[in-house]
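Peer 1: Structure below; questions to follow.
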Amino acid sequence: MAKISEIKEKKSSLLSSGLIALTWTLLFFFLGSYLITESWTWGYRGKWTNINTYIPRQELIFTDAELSQYDGTDRTKPIYLAIDGDVYDVSQGAGWYGKGGSYHHFAGRDAARAYITGCFEDHLTHDVRGLTPDQLKGLDHWKKFYNSSHKYHKVGRVLHDPIPEDAPIPKPCKTAVGQKP
Ligand code: HEM
């Protein structure tokens with residue numbers, strides 16, 4: 001009997017010293033970060049400092065028509081945009097994506113092609129046929145941007161109607177905006 005109580009005592013003292021060590025480590029981590037970088041997370045702001053990353057939610061599936069209802073014109077609805085099929089809630093960027101914002105054309109649709117070509121009028125489509133591997137790398141940049149954002153979070157996928165095989169590849173446009181310096 002004595003042995004069992006000794007084991008129990010040992011276990012609880014190990015647990016409490018473990019907890020104390022963890023508390024000190026966390027304290028050093030956050031306080032040290034704040035003192036050195038004036039940020040609680042060593043200057044990091046991204047997916048892991050986004051509260052939405054930790055909220056479990058069911059993936060929503062949209063058609064293009066459904067997605068178009070979330071373009072920010074109806075202020076009672078969140079603002080969604082899609083890139084290469086992945087749908088993100090960008091309501092926190094309403095200044096950019098809401099009505100009157102410089103990037104409103106990206107809201108409520110999957111305009112993957114325009115992210116690469118800068119054709120903000122003519123290429124508001126998910127059709128990325130005919131783009132070079134280098135251009136497609138540029139698309140990866142934007143996909144990462146939304147996926148690792150501190151402000152935005154993924155809500156689901158949009159299922160596009162298949163592009164007809166005989167549909168012409170969108171032509172380059174004259175009004176293309178250059179990539180951000
Ligand atoms: C293909 C071309 C471009 C695309 C696809 C693009 C896309 C975007 C997007 C999506 C945002 C919003 C970021 C957010 O949600 O926080 C943004 C922000 C911004 N863009 Fe562009 N952009 C392009 C070209 C340019 C160019 C040429 C300039 C300047 C000459 C520019 C200047 C800015 C600035 C200053 C911001 C806000 C600050 C920032 O977040 O860095 N962009 N851009």
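Letters for chains follow the order of the structure tokens (A, B, ...), residue numbers begin at 1 for each chain, and ligand numbers begin at 1 in the order shown.
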List as a tab-separated table every residue of chain A that is in contact with ligand 1, defined as an atom at most 6 Å from one of its atoms (using only C-alpha atoms and all ligand atoms), together with the nearest atom pair and the distance in Å rounded to one decimal, sorted by chain and then rising number.

Peer 2:
residue	atom	partner	partner_atom_place_in_ligand_line	distance
A:Gly93	CA	ligand 1	15 (O)	5.6
A:Trp96	CA	ligand 1	12 (C)	6.0
A:Tyr115	CA	ligand 1	5 (C)	3.7
A:Ile116	CA	ligand 1	1 (C)	5.3
A:Thr117	CA	ligand 1	1 (C)	5.7
A:Gly118	CA	ligand 1	1 (C)	3.6
A:Val177	CA	ligand 1	2 (C)	5.3
A:Gly178	CA	ligand 1	27 (C)	4.5
A:Gln179	CA	ligand 1	2 (C)	4.0
A:Lys180	CA	ligand 1	25 (C)	3.7

Peer 1: Could you pull out all residues of chain A with a DSSP call of alpha helix (DSSP H) and give them as a PyMOL selection string?

Peer 2: chain A and resi 2-37+64-67+94-97+112-117+133-147

Peer 1: Under the rule of at most 6 Å, produce a per-residue listing of stretch 67-150 of chain A near stretch 44-53 of chain A: chain, number, name, the closest pair of atoms, and the distance in Å, as JSON lines, using only C-alpha atoms.

Peer 2:
{"residue": "A:Ser148", "atom": "CA", "partner": "A:Lys47", "partner_atom": "CA", "distance": 4.4}
{"residue": "A:Ser149", "atom": "CA", "partner": "A:Gly46", "partner_atom": "CA", "distance": 4.8}
{"residue": "A:His150", "atom": "CA", "partner": "A:Gly46", "partner_atom": "CA", "distance": 4.0}

Peer 1: Quick one: residues within 8 Å of A:Ser68, only C-alpha atoms, excluding same-chain residues fewer than 5 positions away - as a list in words?

Peer 2: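 In the requested form, the answer reads Ala107, Gly108 and Arg109 of chain A.
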
Peer 1: Output the selection as a PDB file, in the first residue's frame - N, CA and C atoms for each residue.

Peer 2:
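File part-v6.pdb, as written:
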ATOM      1  N   ALA A 107     -13.465  39.384 -55.743  1.00  0.00           N
ATOM      2  CA  ALA A 107     -14.447  38.869 -54.768  1.00  0.00           C
ATOM      3  C   ALA A 107     -15.586  38.141 -55.462  1.00  0.00           C
ATOM      4  N   GLY A 108     -16.071  37.069 -54.829  1.00  0.00           N
ATOM      5  CA  GLY A 108     -17.243  36.346 -55.329  1.00  0.00           C
ATOM      6  C   GLY A 108     -16.952  35.478 -56.531  1.00  0.00           C
ATOM      7  N   ARG A 109     -15.680  35.235 -56.821  1.00  0.00           N
ATOM      8  CA  ARG A 109     -15.355  34.397 -57.990  1.00  0.00           C
ATOM      9  C   ARG A 109     -13.956  33.812 -57.849  1.00  0.00           C
TER      10      ARG A 109
END

Peer 1: Taking the DSSP assignment computed from this structure's backbone, write out as an MDAnalysis selection string all residues of chain A that belong to strand (DSSP E).

Peer 2: chainID A and resid 60:62 80:83 86:89 153:158

Peer 1: Find the residues near stretch 60-67 of chain A: any atom within 12 Å, counting only C-alpha atoms, skip ones fewer than 2 places away on the same chain, and give them as number ranges by chain.

Peer 2: A: 57-58, 69-72, 77-83, 85-89, 106-111, 125-126, 154-162

Peer 1: Give the answer as one residue: which of A:Val128, A:Ile55, A:Leu139, A:Cys119 has the shortest atom-to-atom distance to A:Ile163, using only C-alpha atoms?

Peer 2: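 The shortest atom-to-atom distance to A:Ile163 comes from A:Val128.
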
Peer 1: Can you tell me how far atom CA of A:His153 sits from atom CA of A:Val90, in Å to one decimal?

Peer 2: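 Distance reported for this atom pair: 7.2 Å.
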